[in-house]
file entry-v6.cif (mmCIF, C-alpha atoms; chains and numbers go by the auth columns)
data_my_file
#
loop_
_atom_site.group_PDB
_atom_site.id
_atom_site.type_symbol
_atom_site.label_atom_id
_atom_site.label_comp_id
_atom_site.label_asym_id
_atom_site.label_seq_id
_atom_site.Cartn_x
_atom_site.Cartn_y
_atom_site.Cartn_z
_atom_site.B_iso_or_equiv
_atom_site.auth_seq_id
_atom_site.auth_asym_id
ATOM 1 C CA MET A 1 54.353 70.629 117.390 0.00 421 A
ATOM 2 C CA MET A 2 56.278 73.733 118.441 0.00 422 A
ATOM 3 C CA GLN A 3 56.168 76.359 115.748 0.00 423 A
ATOM 4 C CA SER A 4 58.015 79.642 115.893 0.00 424 A
ATOM 5 C CA HIS A 5 56.907 82.367 113.602 0.00 425 A
ATOM 6 C CA MET A 6 57.284 86.054 113.140 0.00 426 A
ATOM 7 C CA SER A 7 55.007 88.866 112.097 0.00 427 A
ATOM 8 C CA VAL A 8 55.980 92.305 110.898 0.00 428 A
ATOM 9 C CA GLY A 9 54.451 95.774 110.955 0.00 429 A
ATOM 10 C CA ILE A 10 55.574 98.954 109.228 0.00 430 A
ATOM 11 C CA ASP A 11 54.350 102.535 109.331 0.00 431 A
ATOM 12 C CA LEU A 12 55.295 105.760 107.601 0.00 432 A
ATOM 13 C CA VAL A 13 54.486 109.174 109.084 0.00 433 A
ATOM 14 C CA GLN A 14 54.801 112.636 107.596 0.00 434 A
ATOM 15 C CA VAL A 15 56.771 114.746 110.079 0.00 435 A
ATOM 16 C CA SER A 16 55.015 117.973 109.083 0.00 436 A
ATOM 17 C CA ARG A 17 51.651 116.355 109.867 0.00 437 A
ATOM 18 C CA VAL A 18 52.826 115.591 113.376 0.00 438 A
ATOM 19 C CA ALA A 19 53.980 119.205 113.700 0.00 439 A
ATOM 20 C CA ALA A 20 50.506 120.293 112.599 0.00 440 A
ATOM 21 C CA SER A 21 48.897 118.033 115.226 0.00 441 A
ATOM 22 C CA LEU A 22 51.102 119.584 117.884 0.00 442 A
ATOM 23 C CA GLU A 23 50.102 123.044 116.729 0.00 443 A
ATOM 24 C CA GLN A 24 46.393 122.214 116.593 0.00 444 A
ATOM 25 C CA PHE A 25 45.997 120.053 119.668 0.00 445 A
ATOM 26 C CA GLY A 26 49.112 120.836 121.722 0.00 446 A
ATOM 27 C CA GLU A 27 49.391 119.042 125.034 0.00 447 A
ATOM 28 C CA ARG A 28 46.286 116.933 124.341 0.00 448 A
ATOM 29 C CA PHE A 29 48.027 115.306 121.384 0.00 449 A
ATOM 30 C CA LEU A 30 51.292 114.861 123.274 0.00 450 A
ATOM 31 C CA ARG A 31 49.794 113.427 126.427 0.00 451 A
ATOM 32 C CA ARG A 32 47.379 111.151 124.590 0.00 452 A
ATOM 33 C CA VAL A 33 49.929 109.536 122.332 0.00 453 A
ATOM 34 C CA PHE A 34 53.318 109.671 124.062 0.00 454 A
ATOM 35 C CA THR A 35 54.620 108.709 127.485 0.00 455 A
ATOM 36 C CA ASP A 36 56.404 111.221 129.690 0.00 456 A
ATOM 37 C CA ALA A 37 59.739 109.539 128.916 0.00 457 A
ATOM 38 C CA GLU A 38 59.119 109.705 125.172 0.00 458 A
ATOM 39 C CA VAL A 39 58.258 113.398 125.382 0.00 459 A
ATOM 40 C CA ALA A 40 61.331 114.068 127.530 0.00 460 A
ATOM 41 C CA TYR A 41 63.587 112.291 125.028 0.00 461 A
ATOM 42 C CA ALA A 42 62.068 114.189 122.103 0.00 462 A
ATOM 43 C CA ASN A 43 62.386 117.524 123.901 0.00 463 A
ATOM 44 C CA ALA A 44 66.044 116.833 124.759 0.00 464 A
ATOM 45 C CA ALA A 45 66.985 117.757 121.174 0.00 465 A
ATOM 46 C CA PRO A 46 64.781 120.741 120.238 0.00 466 A
ATOM 47 C CA ALA A 47 65.882 120.643 116.596 0.00 467 A
ATOM 48 C CA LEU A 48 64.714 117.015 116.337 0.00 468 A
ATOM 49 C CA THR A 49 61.684 117.022 118.636 0.00 469 A
ATOM 50 C CA VAL A 50 59.064 116.563 115.936 0.00 470 A
ATOM 51 C CA GLU A 51 61.128 113.983 114.014 0.00 471 A
ATOM 52 C CA ARG A 52 61.558 111.934 117.182 0.00 472 A
ATOM 53 C CA LEU A 53 57.857 112.129 117.971 0.00 473 A
ATOM 54 C CA ALA A 54 56.948 111.179 114.390 0.00 474 A
ATOM 55 C CA ALA A 55 59.272 108.165 114.481 0.00 475 A
ATOM 56 C CA ARG A 56 57.755 107.073 117.791 0.00 476 A
ATOM 57 C CA PHE A 57 54.254 107.416 116.452 0.00 477 A
ATOM 58 C CA ALA A 58 55.271 105.271 113.479 0.00 478 A
ATOM 59 C CA ALA A 59 56.704 102.704 115.919 0.00 479 A
ATOM 60 C CA LYS A 60 53.433 102.498 117.839 0.00 480 A
ATOM 61 C CA GLU A 61 51.422 101.994 114.658 0.00 481 A
ATOM 62 C CA ALA A 62 53.927 99.447 113.341 0.00 482 A
ATOM 63 C CA ALA A 63 53.614 97.561 116.646 0.00 483 A
ATOM 64 C CA VAL A 64 49.820 97.594 116.387 0.00 484 A
ATOM 65 C CA LYS A 65 50.171 95.942 112.979 0.00 485 A
ATOM 66 C CA ALA A 66 52.820 93.433 114.021 0.00 486 A
ATOM 67 C CA LEU A 67 50.868 92.434 117.110 0.00 487 A
ATOM 68 C CA GLY A 68 47.462 92.450 115.420 0.00 488 A
ATOM 69 C CA LEU A 69 45.997 95.003 117.821 0.00 489 A
ATOM 70 C CA VAL A 70 43.818 97.039 115.445 0.00 490 A
ATOM 71 C CA GLU A 71 40.632 95.783 117.092 0.00 491 A
ATOM 72 C CA ARG A 72 42.025 95.260 120.565 0.00 492 A
ATOM 73 C CA GLY A 73 41.412 98.736 121.957 0.00 493 A
ATOM 74 C CA VAL A 74 44.891 99.801 123.008 0.00 494 A
ATOM 75 C CA GLY A 75 46.024 103.316 123.896 0.00 495 A
ATOM 76 C CA TRP A 76 49.149 104.644 122.218 0.00 496 A
ATOM 77 C CA ARG A 77 50.836 105.190 125.569 0.00 497 A
ATOM 78 C CA GLN A 78 50.595 101.459 126.216 0.00 498 A
ATOM 79 C CA ILE A 79 53.165 100.962 123.465 0.00 499 A
ATOM 80 C CA GLU A 80 56.317 102.814 124.484 0.00 500 A
ATOM 81 C CA VAL A 81 59.611 103.295 122.698 0.00 501 A
ATOM 82 C CA THR A 82 62.524 103.128 125.086 0.00 502 A
ATOM 83 C CA ARG A 83 66.140 103.811 124.299 0.00 503 A
ATOM 84 C CA GLU A 84 69.157 101.993 125.648 0.00 504 A
ATOM 85 C CA GLU A 85 72.467 103.684 126.406 0.00 505 A
ATOM 86 C CA SER A 86 73.851 102.146 123.235 0.00 506 A
ATOM 87 C CA GLY A 87 71.241 104.061 121.258 0.00 507 A
ATOM 88 C CA MET A 88 69.238 100.966 120.383 0.00 508 A
ATOM 89 C CA CYS A 89 65.501 101.514 120.638 0.00 509 A
ATOM 90 C CA ARG A 90 63.148 98.902 122.007 0.00 510 A
ATOM 91 C CA LEU A 91 59.428 98.538 122.580 0.00 511 A
ATOM 92 C CA SER A 92 57.999 98.326 126.048 0.00 512 A
ATOM 93 C CA LEU A 93 54.371 97.206 126.310 0.00 513 A
ATOM 94 C CA HIS A 94 51.996 98.106 129.101 0.00 514 A
ATOM 95 C CA GLY A 95 48.428 97.251 130.118 0.00 515 A
ATOM 96 C CA ALA A 96 46.194 95.845 127.397 0.00 516 A
ATOM 97 C CA ALA A 97 49.032 95.855 124.850 0.00 517 A
ATOM 98 C CA ARG A 98 51.218 93.745 127.124 0.00 518 A
ATOM 99 C CA ASP A 99 48.314 91.381 127.865 0.00 519 A
ATOM 100 C CA ALA A 100 47.527 90.955 124.159 0.00 520 A
ATOM 101 C CA ALA A 101 51.144 90.215 123.305 0.00 521 A
ATOM 102 C CA ALA A 102 51.356 87.648 126.102 0.00 522 A
ATOM 103 C CA GLU A 103 48.141 85.963 124.953 0.00 523 A
ATOM 104 C CA ALA A 104 49.500 85.783 121.422 0.00 524 A
ATOM 105 C CA GLY A 105 52.667 84.138 122.683 0.00 525 A
ATOM 106 C CA VAL A 106 54.954 86.992 121.696 0.00 526 A
ATOM 107 C CA VAL A 107 58.365 86.415 123.220 0.00 527 A
ATOM 108 C CA GLU A 108 60.462 89.000 121.435 0.00 528 A
ATOM 109 C CA LEU A 109 59.925 92.341 119.720 0.00 529 A
ATOM 110 C CA ALA A 110 62.423 94.066 117.491 0.00 530 A
ATOM 111 C CA LEU A 111 62.170 97.687 116.402 0.00 531 A
ATOM 112 C CA SER A 112 63.964 99.882 113.921 0.00 532 A
ATOM 113 C CA LEU A 113 63.308 103.607 113.417 0.00 533 A
ATOM 114 C CA SER A 114 64.426 106.030 110.756 0.00 534 A
ATOM 115 C CA HIS A 115 63.665 109.554 109.630 0.00 535 A
ATOM 116 C CA GLU A 116 64.743 111.587 106.653 0.00 536 A
ATOM 117 C CA GLY A 117 63.397 114.931 105.588 0.00 537 A
ATOM 118 C CA ASP A 118 59.636 115.061 106.050 0.00 538 A
ATOM 119 C CA TYR A 119 59.174 111.345 106.702 0.00 539 A
ATOM 120 C CA ALA A 120 59.694 109.043 109.635 0.00 540 A
ATOM 121 C CA THR A 121 59.268 105.303 109.527 0.00 541 A
ATOM 122 C CA ALA A 122 59.378 102.299 111.823 0.00 542 A
ATOM 123 C CA VAL A 123 59.452 98.545 111.417 0.00 543 A
ATOM 124 C CA VAL A 124 58.494 96.102 114.161 0.00 544 A
ATOM 125 C CA PHE A 125 59.049 92.350 114.183 0.00 545 A
ATOM 126 C CA ALA A 126 57.188 90.188 116.673 0.00 546 A
ATOM 127 C CA MET A 127 58.402 86.667 117.345 0.00 547 A
ATOM 128 C CA ARG A 128 55.874 84.209 118.705 0.00 548 A
ATOM 129 C CA ASN A 129 56.635 80.975 120.503 0.00 549 A
ATOM 130 C CA GLY A 130 53.737 79.052 119.000 0.00 550 A
ATOM 131 C CA GLN A 131 52.080 78.624 122.408 0.00 551 A
ATOM 132 C CA GLU A 132 49.000 80.754 121.651 0.00 552 A
ATOM 133 C CA ALA A 133 45.637 79.131 122.077 0.00 553 A
ATOM 134 C CA ALA A 134 44.882 76.760 119.240 0.00 554 A
ATOM 135 C CA HIS A 135 42.035 77.728 116.952 0.00 555 A
ATOM 136 C CA PRO A 136 39.587 74.970 116.031 0.00 556 A
ATOM 137 C CA MET B 1 22.946 116.968 113.734 0.00 560 B
ATOM 138 C CA MET B 2 25.786 114.777 114.879 0.00 561 B
ATOM 139 C CA ILE B 3 26.662 113.352 111.458 0.00 562 B
ATOM 140 C CA GLU B 4 27.032 116.860 110.027 0.00 563 B
ATOM 141 C CA LYS B 5 29.483 117.774 112.789 0.00 564 B
ATOM 142 C CA ILE B 6 31.407 114.564 112.140 0.00 565 B
ATOM 143 C CA ARG B 7 31.542 115.363 108.409 0.00 566 B
ATOM 144 C CA LYS B 8 32.936 118.832 109.195 0.00 567 B
ATOM 145 C CA ILE B 9 35.618 117.299 111.445 0.00 568 B
ATOM 146 C CA LEU B 10 36.521 114.784 108.732 0.00 569 B
ATOM 147 C CA LYS B 11 36.852 117.604 106.228 0.00 570 B
ATOM 148 C CA ASP B 12 39.196 119.497 108.566 0.00 571 B
ATOM 149 C CA HIS B 13 41.227 116.563 109.938 0.00 572 B
ATOM 150 C CA GLY B 14 40.503 113.315 108.065 0.00 573 B
ATOM 151 C CA ARG B 15 42.684 113.896 104.990 0.00 574 B
ATOM 152 C CA LEU B 16 40.172 111.940 102.924 0.00 575 B
ATOM 153 C CA ASN B 17 40.501 111.678 99.185 0.00 576 B
ATOM 154 C CA LYS B 18 36.766 112.288 98.886 0.00 577 B
ATOM 155 C CA ASP B 19 34.362 114.967 100.050 0.00 578 B
ATOM 156 C CA PRO B 20 32.878 113.735 103.349 0.00 579 B
ATOM 157 C CA TRP B 21 29.455 114.959 102.194 0.00 580 B
ATOM 158 C CA ALA B 22 29.695 112.586 99.230 0.00 581 B
ATOM 159 C CA LEU B 23 30.244 109.575 101.503 0.00 582 B
ATOM 160 C CA ASP B 24 27.616 107.316 102.956 0.00 583 B
ATOM 161 C CA GLU B 25 27.477 107.044 106.737 0.00 584 B
ATOM 162 C CA ALA B 26 28.702 103.458 106.470 0.00 585 B
ATOM 163 C CA ALA B 27 31.544 104.177 104.026 0.00 586 B
ATOM 164 C CA ASP B 28 34.966 102.891 105.093 0.00 587 B
ATOM 165 C CA LEU B 29 37.007 106.012 105.872 0.00 588 B
ATOM 166 C CA TYR B 30 40.331 104.149 105.794 0.00 589 B
ATOM 167 C CA GLN B 31 39.493 103.098 102.237 0.00 590 B
ATOM 168 C CA ALA B 32 38.756 106.780 101.588 0.00 591 B
ATOM 169 C CA GLY B 33 42.323 107.695 102.527 0.00 592 B
ATOM 170 C CA MET B 34 42.256 108.304 106.286 0.00 593 B
ATOM 171 C CA THR B 35 45.663 107.450 107.760 0.00 594 B
ATOM 172 C CA SER B 36 46.290 106.231 111.286 0.00 595 B
ATOM 173 C CA HIS B 37 47.745 109.620 112.153 0.00 596 B
ATOM 174 C CA ALA B 38 44.750 111.444 110.678 0.00 597 B
ATOM 175 C CA SER B 39 42.466 109.262 112.783 0.00 598 B
ATOM 176 C CA VAL B 40 44.212 110.566 115.911 0.00 599 B
ATOM 177 C CA ASN B 41 43.456 114.129 114.836 0.00 600 B
ATOM 178 C CA VAL B 42 39.859 113.149 114.114 0.00 601 B
ATOM 179 C CA MET B 43 39.584 111.561 117.549 0.00 602 B
ATOM 180 C CA LEU B 44 40.977 114.653 119.300 0.00 603 B
ATOM 181 C CA ALA B 45 38.663 116.925 117.312 0.00 604 B
ATOM 182 C CA LEU B 46 35.638 114.737 118.134 0.00 605 B
ATOM 183 C CA GLU B 47 36.566 114.870 121.814 0.00 606 B
ATOM 184 C CA GLY B 48 36.700 118.658 121.668 0.00 607 B
ATOM 185 C CA GLU B 49 33.479 119.018 119.697 0.00 608 B
ATOM 186 C CA PHE B 50 31.387 116.630 121.782 0.00 609 B
ATOM 187 C CA GLU B 51 33.153 117.141 125.138 0.00 610 B
ATOM 188 C CA ILE B 52 33.923 113.466 125.532 0.00 611 B
ATOM 189 C CA GLU B 53 36.994 111.322 126.004 0.00 612 B
ATOM 190 C CA PHE B 54 37.454 108.046 124.191 0.00 613 B
ATOM 191 C CA PRO B 55 38.685 105.474 126.704 0.00 614 B
ATOM 192 C CA ASP B 56 41.575 103.261 125.613 0.00 615 B
ATOM 193 C CA HIS B 57 39.360 100.227 125.030 0.00 616 B
ATOM 194 C CA LEU B 58 37.507 102.145 122.296 0.00 617 B
ATOM 195 C CA LEU B 59 40.678 103.096 120.446 0.00 618 B
ATOM 196 C CA LYS B 60 40.197 100.549 117.713 0.00 619 B
ATOM 197 C CA ARG B 61 39.785 100.643 113.991 0.00 620 B
ATOM 198 C CA SER B 62 36.089 99.748 113.926 0.00 621 B
ATOM 199 C CA VAL B 63 35.176 102.781 116.077 0.00 622 B
ATOM 200 C CA PHE B 64 36.665 105.232 113.585 0.00 623 B
ATOM 201 C CA GLU B 65 36.175 103.428 110.300 0.00 624 B
ATOM 202 C CA SER B 66 32.862 105.081 109.403 0.00 625 B
ATOM 203 C CA MET B 67 30.802 108.131 110.326 0.00 626 B
ATOM 204 C CA GLY B 68 28.015 105.885 111.542 0.00 627 B
ATOM 205 C CA ALA B 69 30.365 103.970 113.840 0.00 628 B
ATOM 206 C CA MET B 70 31.683 107.232 115.296 0.00 629 B
ATOM 207 C CA ARG B 71 28.150 108.540 115.833 0.00 630 B
ATOM 208 C CA ASP B 72 27.090 105.376 117.638 0.00 631 B
ATOM 209 C CA THR B 73 30.166 105.411 119.857 0.00 632 B
ATOM 210 C CA ILE B 74 29.785 109.109 120.698 0.00 633 B
ATOM 211 C CA ALA B 75 26.107 108.567 121.465 0.00 634 B
ATOM 212 C CA GLY B 76 27.107 105.819 123.881 0.00 635 B
ATOM 213 C CA LEU B 77 29.691 108.039 125.562 0.00 636 B
ATOM 214 C CA THR B 78 27.327 111.004 125.956 0.00 637 B
ATOM 215 C CA LYS B 79 24.304 108.998 127.099 0.00 638 B
ATOM 216 C CA GLY B 80 23.274 110.044 130.577 0.00 639 B
ATOM 217 C CA SER B 81 25.680 112.966 130.711 0.00 640 B
#
call {"tool": "encode", "arguments": {"input": "entry-v6.cif", "output": "C-alpha coordinates"}}
result
Amino acid sequence: MMQSHMSVGIDLVQVSRVAASLEQFGERFLRRVFTDAEVAYANAAPALTVERLAARFAAKEAAVKALGLVERGVGWRQIEVTREESGMCRLSLHGAARDAAAEAGVVELALSLSHEGDYATAVVFAMRNGQEAAHP
Amino acid sequence: MMIEKIRKILKDHGRLNKDPWALDEAADLYQAGMTSHASVNVMLALEGEFEIEFPDHLLKRSVFESMGAMRDTIAGLTKGS
(Lines of atoms letter the chains of each structure in order from A and count residues from 1; the text may use other names and numbers.)
(Lines give C-alpha, C1' and ligand atoms only; values in the text may rest on other atoms or scores of the structure.)
Protein backbone atom coordinates (compact mmCIF):
# COMPACT_ATOMS: atom_id res chain seq x y z
CA MET A 1 0.00 0.00 0.00
CA MET A 2 1.32 3.46 -0.85
CA GLN A 3 1.96 5.46 2.27
CA SER A 4 3.06 9.06 2.31
CA HIS A 5 4.56 10.40 5.45
CA MET A 6 6.56 13.31 6.66
CA SER A 7 9.37 13.78 9.13
CA VAL A 8 10.53 16.99 10.73
CA GLY A 9 13.79 18.36 12.10
CA ILE A 10 14.45 21.54 14.05
CA ASP A 11 17.62 23.20 15.30
CA LEU A 12 18.42 26.29 17.33
CA VAL A 13 21.81 28.01 17.15
CA GLN A 14 23.27 30.80 19.25
CA VAL A 15 24.52 33.47 16.85
CA SER A 16 27.31 34.60 19.19
CA ARG A 17 28.64 31.03 19.28
CA VAL A 18 28.93 31.03 15.51
CA ALA A 19 30.74 34.37 15.72
CA ALA A 20 33.12 32.78 18.23
CA SER A 21 33.75 29.84 15.88
CA LEU A 22 34.57 32.27 13.09
CA GLU A 23 36.97 34.11 15.36
CA GLN A 24 38.64 30.92 16.60
CA PHE A 25 38.78 28.87 13.43
CA GLY A 26 38.27 31.44 10.67
CA GLU A 27 38.34 30.10 7.14
CA ARG A 28 38.56 26.48 8.34
CA PHE A 29 35.14 26.80 9.96
CA LEU A 30 33.65 28.62 6.98
CA ARG A 31 34.98 26.30 4.32
CA ARG A 32 34.17 23.15 6.27
CA VAL A 33 30.56 23.98 6.97
CA PHE A 34 29.31 26.32 4.24
CA THR A 35 29.35 26.27 0.45
CA ASP A 36 30.87 29.12 -1.54
CA ALA A 37 27.37 30.34 -2.46
CA GLU A 38 26.25 30.33 1.17
CA VAL A 39 29.31 32.31 2.22
CA ALA A 40 28.79 34.77 -0.64
CA TYR A 41 25.15 35.31 0.35
CA ALA A 42 26.08 35.82 4.00
CA ASN A 43 28.86 38.25 3.11
CA ALA A 44 26.53 40.26 0.86
CA ALA A 45 25.02 41.87 3.98
CA PRO A 46 27.94 42.51 6.36
CA ALA A 47 25.63 43.51 9.21
CA LEU A 48 23.84 40.15 8.95
CA THR A 49 26.70 37.83 7.97
CA VAL A 50 26.84 35.89 11.22
CA GLU A 51 23.04 35.67 11.56
CA ARG A 52 22.78 34.27 8.04
CA LEU A 53 25.53 31.74 8.70
CA ALA A 54 23.91 30.72 12.01
CA ALA A 55 20.53 30.22 10.33
CA ARG A 56 22.17 28.11 7.63
CA PHE A 57 23.97 26.00 10.17
CA ALA A 58 20.65 25.44 11.94
CA ALA A 59 19.12 24.44 8.58
CA LYS A 60 21.82 21.84 7.98
CA GLU A 61 21.35 20.33 11.43
CA ALA A 62 17.56 20.40 11.07
CA ALA A 63 17.93 18.57 7.74
CA VAL A 64 20.17 15.95 9.34
CA LYS A 65 17.40 15.31 11.86
CA ALA A 66 14.56 15.31 9.34
CA LEU A 67 16.43 12.98 7.01
CA GLY A 68 17.81 10.74 9.75
CA LEU A 69 21.43 11.32 8.77
CA VAL A 70 23.09 11.42 12.20
CA GLU A 71 24.93 8.16 11.54
CA ARG A 72 25.22 8.48 7.79
CA GLY A 73 28.50 10.39 7.64
CA VAL A 74 27.51 13.51 5.71
CA GLY A 75 29.52 16.71 5.40
CA TRP A 76 27.76 19.98 6.12
CA ARG A 77 28.53 21.28 2.64
CA GLN A 78 26.49 18.42 1.20
CA ILE A 79 23.40 20.10 2.63
CA GLU A 80 23.12 23.54 1.05
CA VAL A 81 20.65 26.35 1.60
CA THR A 82 19.78 28.08 -1.64
CA ARG A 83 17.67 31.17 -2.05
CA GLU A 84 15.19 31.89 -4.81
CA GLU A 85 14.60 35.35 -6.25
CA SER A 86 11.37 35.50 -4.28
CA GLY A 87 13.39 35.18 -1.09
CA MET A 88 12.19 31.65 -0.36
CA CYS A 89 14.96 29.39 0.89
CA ARG A 90 15.27 25.78 -0.16
CA LEU A 91 17.56 22.86 0.57
CA SER A 92 19.80 21.43 -2.09
CA LEU A 93 21.40 18.06 -1.31
CA HIS A 94 24.65 16.80 -2.74
CA GLY A 95 26.72 13.61 -2.59
CA ALA A 96 25.99 11.27 0.30
CA ALA A 97 23.16 13.48 1.58
CA ARG A 98 21.40 13.34 -1.78
CA ASP A 99 21.94 9.56 -2.01
CA ALA A 100 20.54 9.01 1.50
CA ALA A 101 17.47 11.10 0.78
CA ALA A 102 16.84 9.21 -2.46
CA GLU A 103 17.21 5.85 -0.70
CA ALA A 104 14.73 6.97 1.94
CA GLY A 105 12.24 7.93 -0.74
CA VAL A 106 12.30 11.63 0.05
CA VAL A 107 10.48 13.50 -2.69
CA GLU A 108 10.13 16.94 -1.18
CA LEU A 109 11.93 19.07 1.39
CA ALA A 110 10.58 22.22 2.94
CA LEU A 111 12.66 24.70 4.92
CA SER A 112 11.93 27.71 7.06
CA LEU A 113 14.58 29.92 8.69
CA SER A 114 14.35 32.64 11.29
CA HIS A 115 16.66 34.69 13.47
CA GLU A 116 16.06 37.12 16.27
CA GLY A 117 18.64 38.63 18.56
CA ASP A 118 21.23 36.04 19.52
CA TYR A 119 19.34 33.03 18.16
CA ALA A 120 18.77 31.53 14.76
CA THR A 121 16.51 28.60 14.06
CA ALA A 122 15.45 26.37 11.20
CA VAL A 123 12.74 23.80 10.59
CA VAL A 124 12.90 21.18 7.85
CA PHE A 125 10.09 18.91 6.69
CA ALA A 126 10.88 15.87 4.57
CA MET A 127 8.09 14.18 2.64
CA ARG A 128 8.61 10.56 1.70
CA ASN A 129 6.78 8.66 -1.00
CA GLY A 130 6.64 5.39 0.90
CA GLN A 131 8.84 3.64 -1.68
CA GLU A 132 11.82 3.04 0.65
CA ALA A 133 12.99 -0.50 1.06
CA ALA A 134 10.67 -2.48 3.28
CA HIS A 135 12.07 -3.61 6.60
CA PRO A 136 11.36 -7.20 7.61
CA MET B 1 48.35 10.97 26.25
CA MET B 2 45.65 11.33 23.65
CA ILE B 3 42.69 11.21 26.05
CA GLU B 4 44.17 14.07 28.09
CA LYS B 5 44.46 16.21 24.96
CA ILE B 6 40.87 15.35 24.04
CA ARG B 7 39.71 16.31 27.55
CA LYS B 8 41.49 19.68 27.22
CA ILE B 9 39.80 20.30 23.85
CA LEU B 10 36.41 19.38 25.33
CA LYS B 11 36.99 21.81 28.17
CA ASP B 12 37.81 24.60 25.71
CA HIS B 13 35.21 23.84 23.01
CA GLY B 14 32.70 21.19 24.13
CA ARG B 15 30.42 23.39 26.26
CA LEU B 16 29.78 20.41 28.52
CA ASN B 17 27.80 20.76 31.70
CA LYS B 18 30.37 18.59 33.46
CA ASP B 19 34.12 18.70 33.95
CA PRO B 20 35.63 16.52 31.21
CA TRP B 21 38.05 15.07 33.78
CA ALA B 22 35.06 13.80 35.76
CA LEU B 23 33.71 11.88 32.76
CA ASP B 24 34.46 8.31 31.83
CA GLU B 25 35.99 7.71 28.41
CA ALA B 26 32.75 6.06 27.30
CA ALA B 27 30.43 8.77 28.66
CA ASP B 28 27.94 10.18 26.15
CA LEU B 29 29.08 13.75 25.51
CA TYR B 30 25.77 14.78 23.92
CA GLN B 31 24.06 13.74 27.15
CA ALA B 32 26.67 15.88 28.92
CA GLY B 33 25.49 18.95 27.03
CA MET B 34 27.55 19.03 23.83
CA THR B 35 25.53 20.70 21.07
CA SER B 36 25.85 19.99 17.37
CA HIS B 37 27.57 23.34 16.93
CA ALA B 38 29.98 22.64 19.78
CA SER B 39 30.85 19.32 18.16
CA VAL B 40 31.99 21.21 15.05
CA ASN B 41 34.34 23.29 17.19
CA VAL B 42 35.60 20.13 18.88
CA MET B 43 36.20 18.53 15.49
CA LEU B 44 38.14 21.55 14.20
CA ALA B 45 40.20 21.69 17.39
CA LEU B 46 40.97 17.95 17.18
CA GLU B 47 42.07 18.40 13.58
CA GLY B 48 44.43 21.18 14.62
CA GLU B 49 45.80 19.33 17.63
CA PHE B 50 46.41 16.01 15.91
CA GLU B 51 47.11 17.34 12.39
CA ILE B 52 44.37 15.25 10.83
CA GLU B 53 41.27 15.85 8.76
CA PHE B 54 38.04 14.01 9.40
CA PRO B 55 36.67 12.85 6.05
CA ASP B 56 32.96 13.41 5.43
CA HIS B 57 32.07 9.75 5.99
CA LEU B 58 33.29 10.03 9.59
CA LEU B 59 31.18 13.08 10.36
CA LYS B 60 28.61 11.17 12.34
CA ARG B 61 27.32 11.25 15.86
CA SER B 62 28.98 8.02 17.02
CA VAL B 63 32.47 9.35 16.18
CA PHE B 64 32.10 12.33 18.50
CA GLU B 65 29.79 10.98 21.17
CA SER B 66 32.53 9.89 23.59
CA MET B 67 36.21 10.53 24.26
CA GLY B 68 36.96 6.88 23.60
CA ALA B 69 35.24 6.99 20.21
CA MET B 70 37.22 10.10 19.26
CA ARG B 71 40.48 8.50 20.37
CA ASP B 72 39.82 5.37 18.33
CA THR B 73 38.91 7.38 15.24
CA ILE B 74 41.95 9.65 15.56
CA ALA B 75 44.18 6.62 16.05
CA GLY B 76 42.80 5.19 12.82
CA LEU B 77 43.40 8.43 10.95
CA THR B 78 46.98 8.84 12.19
CA LYS B 79 48.01 5.20 11.74
CA GLY B 80 50.83 4.93 9.25
CA SER B 81 51.34 8.68 9.00
call {"tool": "resolve_selection", "arguments": {"input": "entry-v6.cif", "expression": "the PyMOL selection byres ((chain B) within 6 of (chain A))", "output": "list in words"}}
result
Asp615, His616, Leu617, Leu618, Lys619 and Arg620 of chain B
call {"tool": "atom_distance", "arguments": {"input": "entry-v6.cif", "atom1": "CA of Val470 in chain A", "atom2": "CA of Phe454 in chain A"}}
result
12.1 Å
call {"tool": "atom_distance", "arguments": {"input": "entry-v6.cif", "atom1": "CA of Ile568 in chain B", "atom2": "CA of Leu605 in chain B"}}
result
7.2 Å
call {"tool": "resolve_selection", "arguments": {"input": "entry-v6.cif", "expression": "the PyMOL selection byres ((chain B and resi 569) around 10)", "output": "list of chain:residue names"}}
result
B:Glu563, B:Lys564, B:Ile565, B:Arg566, B:Lys567, B:Ile568, B:Lys570, B:Asp571, B:His572, B:Gly573, B:Arg574, B:Leu575, B:Asp578, B:Pro579, B:Trp580, B:Leu588, B:Met593, B:Ala597, B:Ser598, B:Asn600, B:Val601, B:Met602, B:Ala604, B:Leu605, B:Met626
call {"tool": "closest_residue", "arguments": {"input": "entry-v6.cif", "among": "A:Leu513, A:Val501, A:Val428, A:Ala482", "to": "Ala460 in chain A", "atoms": "only C-alpha atoms"}}
result
A:Val501
